[in-house]
>>> print(open('structure_38.pdb').read())   # PDB, C-alpha atoms
ATOM      1  CA  MET A   1     155.539  33.748-136.193
ATOM      2  CA  ASN A   2     154.603  30.183-135.274
ATOM      3  CA  THR A   3     154.656  27.900-138.288
ATOM      4  CA  LEU A   4     152.647  24.698-138.152
ATOM      5  CA  THR A   5     154.999  21.881-139.142
ATOM      6  CA  ASN A   6     153.350  18.829-137.631
ATOM      7  CA  TYR A   7     150.661  18.125-140.221
ATOM      8  CA  GLN A   8     149.846  15.834-143.125
ATOM      9  CA  THR A   9     148.374  16.904-146.445
ATOM     10  CA  ILE A  10     146.055  14.509-148.256
ATOM     11  CA  LEU A  11     145.797  14.958-152.001
ATOM     12  CA  GLY A  12     142.604  14.446-153.966
ATOM     13  CA  ASP A  13     142.167  12.529-157.225
ATOM     14  CA  ASN A  14     143.286  15.624-159.105
ATOM     15  CA  GLY A  15     146.612  15.708-157.231
ATOM     16  CA  LYS A  16     145.724  18.931-155.398
ATOM     17  CA  PRO A  17     145.534  19.235-151.586
ATOM     18  CA  THR A  18     142.083  18.254-150.348
ATOM     19  CA  PHE A  19     142.532  17.731-146.594
ATOM     20  CA  VAL A  20     145.045  18.621-143.918
ATOM     21  CA  VAL A  21     145.413  16.396-140.869
ATOM     22  CA  ILE A  22     146.833  17.960-137.715
ATOM     23  CA  PRO A  23     147.432  16.444-134.282
ATOM     24  CA  TYR A  24     144.378  16.480-132.006
ATOM     25  CA  ASN A  25     146.005  18.714-129.381
ATOM     26  CA  ASP A  26     147.115  21.209-132.026
ATOM     27  CA  PHE A  27     143.545  21.365-133.311
ATOM     28  CA  PHE A  28     142.184  22.292-129.883
ATOM     29  CA  GLN A  29     144.939  24.811-129.238
ATOM     30  CA  SER A  30     143.943  26.558-132.466
ATOM     31  CA  ARG A  31     140.373  27.090-131.238
ATOM     32  CA  PRO A  32     139.252  30.686-130.912
ATOM     33  CA  THR A  33     139.646  32.502-127.611
ATOM     34  CA  ILE A  34     136.583  34.167-126.182
ATOM     35  CA  LYS A  35     136.541  37.608-124.622
ATOM     36  CA  GLU A  36     134.388  37.912-121.488
ATOM     37  CA  GLY A  37     130.889  39.097-122.399
ATOM     38  CA  TYR A  38     131.625  39.018-126.135
ATOM     39  CA  VAL A  39     129.481  37.080-128.622
ATOM     40  CA  PRO A  40     131.397  36.547-131.870
ATOM     41  CA  HIS A  41     129.843  37.471-135.198
ATOM     42  CA  GLU A  42     130.034  33.811-136.282
ATOM     43  CA  VAL A  43     127.822  32.772-133.337
ATOM     44  CA  VAL A  44     125.269  35.479-134.125
ATOM     45  CA  SER A  45     125.246  34.462-137.802
ATOM     46  CA  LEU A  46     124.558  30.834-136.910
ATOM     47  CA  VAL A  47     121.634  31.921-134.692
ATOM     48  CA  VAL A  48     120.250  34.162-137.447
ATOM     49  CA  ASP A  49     120.463  31.154-139.782
ATOM     50  CA  GLY A  50     118.322  29.067-137.398
ATOM     51  CA  SER A  51     120.666  27.506-134.831
ATOM     52  CA  THR A  52     119.955  27.785-131.144
ATOM     53  CA  MET A  53     122.464  29.803-129.146
ATOM     54  CA  LEU A  54     123.786  26.624-127.524
ATOM     55  CA  GLN A  55     124.308  24.909-130.870
ATOM     56  CA  ALA A  56     125.930  28.018-132.348
ATOM     57  CA  TRP A  57     128.435  28.287-129.489
ATOM     58  CA  ARG A  58     129.242  24.566-129.623
ATOM     59  CA  GLU A  59     129.875  24.693-133.365
ATOM     60  CA  TYR A  60     131.893  27.904-133.100
ATOM     61  CA  LEU A  61     134.118  26.358-130.423
ATOM     62  CA  ARG A  62     134.461  23.193-132.540
ATOM     63  CA  HIS A  63     133.052  20.750-130.015
ATOM     64  CA  THR A  64     130.942  17.722-130.811
ATOM     65  CA  GLN A  65     127.632  17.075-129.093
ATOM     66  CA  THR A  66     129.189  13.978-127.512
ATOM     67  CA  GLU A  67     132.044  15.989-125.998
ATOM     68  CA  ILE A  68     129.735  18.550-124.414
ATOM     69  CA  ALA A  69     127.313  15.879-123.184
ATOM     70  CA  GLN A  70     130.188  14.055-121.479
ATOM     71  CA  GLN A  71     131.479  17.261-119.894
ATOM     72  CA  MET A  72     127.974  18.025-118.641
ATOM     73  CA  GLY A  73     127.494  14.507-117.294
ATOM     74  CA  ILE A  74     124.408  13.789-119.389
ATOM     75  CA  THR A  75     123.638  11.416-122.238
ATOM     76  CA  LEU A  76     123.966  12.380-125.876
ATOM     77  CA  VAL A  77     120.184  12.054-126.280
ATOM     78  CA  GLU A  78     119.616  14.458-123.370
ATOM     79  CA  TYR A  79     122.124  16.917-124.795
ATOM     80  CA  THR A  80     120.601  16.735-128.276
ATOM     81  CA  LYS A  81     117.188  17.599-126.807
ATOM     82  CA  LEU A  82     118.744  20.387-124.746
ATOM     83  CA  GLU A  83     120.410  21.899-127.785
ATOM     84  CA  THR A  84     117.097  22.163-129.643
ATOM     85  CA  MET A  85     115.220  23.804-126.755
ATOM     86  CA  LYS A  86     114.470  27.515-127.028
ATOM     87  CA  ARG A  87     114.982  28.079-123.291
ATOM     88  CA  PRO A  88     116.545  25.250-121.266
ATOM     89  CA  SER A  89     116.374  25.385-117.480
ATOM     90  CA  LYS A  90     118.812  27.684-115.696
ATOM     91  CA  LYS A  91     120.578  24.654-114.193
ATOM     92  CA  MET A  92     121.173  23.116-117.622
ATOM     93  CA  ARG A  93     122.255  26.465-119.103
ATOM     94  CA  GLN A  94     124.792  26.802-116.295
ATOM     95  CA  LYS A  95     126.159  23.296-116.903
ATOM     96  CA  ALA A  96     126.401  24.015-120.631
ATOM     97  CA  THR A  97     128.279  27.286-120.114
ATOM     98  CA  GLU A  98     130.756  25.547-117.826
ATOM     99  CA  ALA A  99     131.312  22.820-120.420
ATOM    100  CA  LEU A 100     131.786  25.401-123.192
ATOM    101  CA  GLY A 101     133.915  27.780-121.138
ATOM    102  CA  ILE A 102     131.662  30.797-121.650
ATOM    103  CA  SER A 103     129.618  32.940-119.276
ATOM    104  CA  LEU A 104     125.905  32.565-118.697
ATOM    105  CA  GLU A 105     125.425  36.056-120.142
ATOM    106  CA  GLN A 106     126.995  34.910-123.421
ATOM    107  CA  LEU A 107     124.395  32.170-123.707
ATOM    108  CA  VAL A 108     121.454  34.581-124.006
ATOM    109  CA  TYR A 109     118.210  33.086-125.235
TER
END
>>> encode(input="structure_38.pdb", output="structure tokens")
Amino acid sequence: MNTLTNYQTILGDNGKPTFVVIPYNDFFQSRPTIKEGYVPHEVVSLVVDGSTMLQAWREYLRHTQTEIAQQMGITLVEYTKLETMKRPSKKMRQKATEALGISLEQLVY
């Protein structure tokens, strides 16, 4: 069993733990792994609750809009518009899947 030891606990006004701070790299290593062709329940739930598939995947994988925009080589404004579209162009869907590390089939609209 791997025990996380490199973290900091921040206590609230009541003296109880409120936040835990972990190193940035540890945070990204703890992200979920994605099986090929699989769409996690959490992604589906976010879509049912009103998110677009692109937004749901980004949130599930714990990326910010800025991170994905940079990886796609577009501005944050362009990415924000893209994320709200019901059916972005195939070229933009492909760039988004590459940035997220998922397949085009997993980004079904």
>>> resolve_selection(input="structure_38.pdb", expression="the PyMOL selection byres ((chain A and resi 56) around 10)", output="list in words")
Glu42, Val43, Val44, Ser45, Leu46, Val47, Val48, Asp49, Gly50, Ser51, Thr52, Met53, Leu54, Gln55, Trp57, Arg58, Glu59, Tyr60, Leu61, Arg62, Glu83 and Leu107 of chain A
>>> write_last_selection(input="structure_38.pdb", atoms="C-alpha atoms", output="compact mmCIF listing (two decimals), in the frame of the given file")
# COMPACT_ATOMS: atom_id res chain seq x y z
CA GLU A 42 130.03 33.81 -136.28
CA VAL A 43 127.82 32.77 -133.34
CA VAL A 44 125.27 35.48 -134.12
CA SER A 45 125.25 34.46 -137.80
CA LEU A 46 124.56 30.83 -136.91
CA VAL A 47 121.63 31.92 -134.69
CA VAL A 48 120.25 34.16 -137.45
CA ASP A 49 120.46 31.15 -139.78
CA GLY A 50 118.32 29.07 -137.40
CA SER A 51 120.67 27.51 -134.83
CA THR A 52 119.96 27.78 -131.14
CA MET A 53 122.46 29.80 -129.15
CA LEU A 54 123.79 26.62 -127.52
CA GLN A 55 124.31 24.91 -130.87
CA TRP A 57 128.44 28.29 -129.49
CA ARG A 58 129.24 24.57 -129.62
CA GLU A 59 129.88 24.69 -133.36
CA TYR A 60 131.89 27.90 -133.10
CA LEU A 61 134.12 26.36 -130.42
CA ARG A 62 134.46 23.19 -132.54
CA GLU A 83 120.41 21.90 -127.78
CA LEU A 107 124.40 32.17 -123.71
>>> atom_distance(input="structure_38.pdb", atom1="CA of Ala99 (chain A)", atom2="CA of Gln71 (chain A)")
5.6 Å
>>> closest_residue(input="structure_38.pdb", among="A:Val39, A:Ile22, A:Ile10, A:Ile74", to="Glu105 (chain A)", atoms="all atoms listed in the file")
A:Val39
>>> atom_distance(input="structure_38.pdb", atom1="CA of Ser103 (chain A)", atom2="CA of Ile34 (chain A)")
9.9 Å
>>> residues_around(input="structure_38.pdb", residues="Glu67 (chain A)", least_positions_apart="3", cutoff="10 Å", atoms="all atoms listed in the file", output="VMD selection string")
chain A and resid 58 63 to 64 70 to 73 76 99 to 100
>>> axis_aligned_box(input="structure_38.pdb", around="region 12-21 of chain A", padding_each_side="5 Å", output="JSON")
{"center_x": 144.3, "center_y": 15.9, "center_z": -150.0, "size_x": 14.5, "size_y": 16.7, "size_z": 28.2}
>>> resolve_selection(input="structure_38.pdb", expression="the PyMOL selection byres ((chain A and resi 93) around 12)", output="count of residues only")
30
>>> residues_around(input="structure_38.pdb", residues="Tyr7 (chain A)", least_positions_apart="4", cutoff="7 Å", atoms="all atoms listed in the file", output="PyMOL selection string")
chain A and resi 20-23
>>> atom_distance(input="structure_38.pdb", atom1="CA of Asn25 (chain A)", atom2="CA of Ala69 (chain A)")
19.9 Å
>>> build_atoms(input="structure_38.pdb", residues="region 55-69 of chain A", atoms="N, CA and C atoms", output="PDB file, in the coordinates of the input")
ATOM      1  N   GLN A  55     123.730  25.580-129.699  1.00  0.00           N
ATOM      2  CA  GLN A  55     124.308  24.909-130.870  1.00  0.00           C
ATOM      3  C   GLN A  55     125.337  25.805-131.549  1.00  0.00           C
ATOM      4  N   ALA A  56     125.019  27.084-131.687  1.00  0.00           N
ATOM      5  CA  ALA A  56     125.930  28.018-132.348  1.00  0.00           C
ATOM      6  C   ALA A  56     127.256  28.111-131.597  1.00  0.00           C
ATOM      7  N   TRP A  57     127.201  28.230-130.277  1.00  0.00           N
ATOM      8  CA  TRP A  57     128.435  28.287-129.489  1.00  0.00           C
ATOM      9  C   TRP A  57     129.226  26.997-129.620  1.00  0.00           C
ATOM     10  N   ARG A  58     128.549  25.851-129.537  1.00  0.00           N
ATOM     11  CA  ARG A  58     129.242  24.566-129.623  1.00  0.00           C
ATOM     12  C   ARG A  58     129.960  24.437-130.970  1.00  0.00           C
ATOM     13  N   GLU A  59     129.274  24.788-132.042  1.00  0.00           N
ATOM     14  CA  GLU A  59     129.875  24.693-133.365  1.00  0.00           C
ATOM     15  C   GLU A  59     131.026  25.692-133.519  1.00  0.00           C
ATOM     16  N   TYR A  60     130.841  26.893-133.017  1.00  0.00           N
ATOM     17  CA  TYR A  60     131.893  27.904-133.100  1.00  0.00           C
ATOM     18  C   TYR A  60     133.157  27.456-132.371  1.00  0.00           C
ATOM     19  N   LEU A  61     132.975  26.819-131.224  1.00  0.00           N
ATOM     20  CA  LEU A  61     134.118  26.358-130.423  1.00  0.00           C
ATOM     21  C   LEU A  61     134.632  24.993-130.872  1.00  0.00           C
ATOM     22  N   ARG A  62     134.014  24.446-131.922  1.00  0.00           N
ATOM     23  CA  ARG A  62     134.461  23.193-132.540  1.00  0.00           C
ATOM     24  C   ARG A  62     134.388  21.988-131.602  1.00  0.00           C
ATOM     25  N   HIS A  63     133.299  21.912-130.865  1.00  0.00           N
ATOM     26  CA  HIS A  63     133.052  20.750-130.015  1.00  0.00           C
ATOM     27  C   HIS A  63     131.987  19.884-130.669  1.00  0.00           C
ATOM     28  N   THR A  64     132.017  18.601-130.368  1.00  0.00           N
ATOM     29  CA  THR A  64     130.942  17.722-130.811  1.00  0.00           C
ATOM     30  C   THR A  64     129.879  17.681-129.718  1.00  0.00           C
ATOM     31  N   GLN A  65     128.690  17.236-130.089  1.00  0.00           N
ATOM     32  CA  GLN A  65     127.632  17.075-129.093  1.00  0.00           C
ATOM     33  C   GLN A  65     128.062  16.058-128.032  1.00  0.00           C
ATOM     34  N   THR A  66     128.733  15.014-128.446  1.00  0.00           N
ATOM     35  CA  THR A  66     129.189  13.978-127.512  1.00  0.00           C
ATOM     36  C   THR A  66     130.152  14.563-126.485  1.00  0.00           C
ATOM     37  N   GLU A  67     131.091  15.381-126.930  1.00  0.00           N
ATOM     38  CA  GLU A  67     132.044  15.989-125.998  1.00  0.00           C
ATOM     39  C   GLU A  67     131.344  16.837-124.938  1.00  0.00           C
ATOM     40  N   ILE A  68     130.426  17.673-125.371  1.00  0.00           N
ATOM     41  CA  ILE A  68     129.735  18.550-124.414  1.00  0.00           C
ATOM     42  C   ILE A  68     128.840  17.744-123.496  1.00  0.00           C
ATOM     43  N   ALA A  69     128.156  16.740-124.033  1.00  0.00           N
ATOM     44  CA  ALA A  69     127.313  15.879-123.184  1.00  0.00           C
ATOM     45  C   ALA A  69     128.152  15.213-122.099  1.00  0.00           C
TER      46      ALA A  69
END
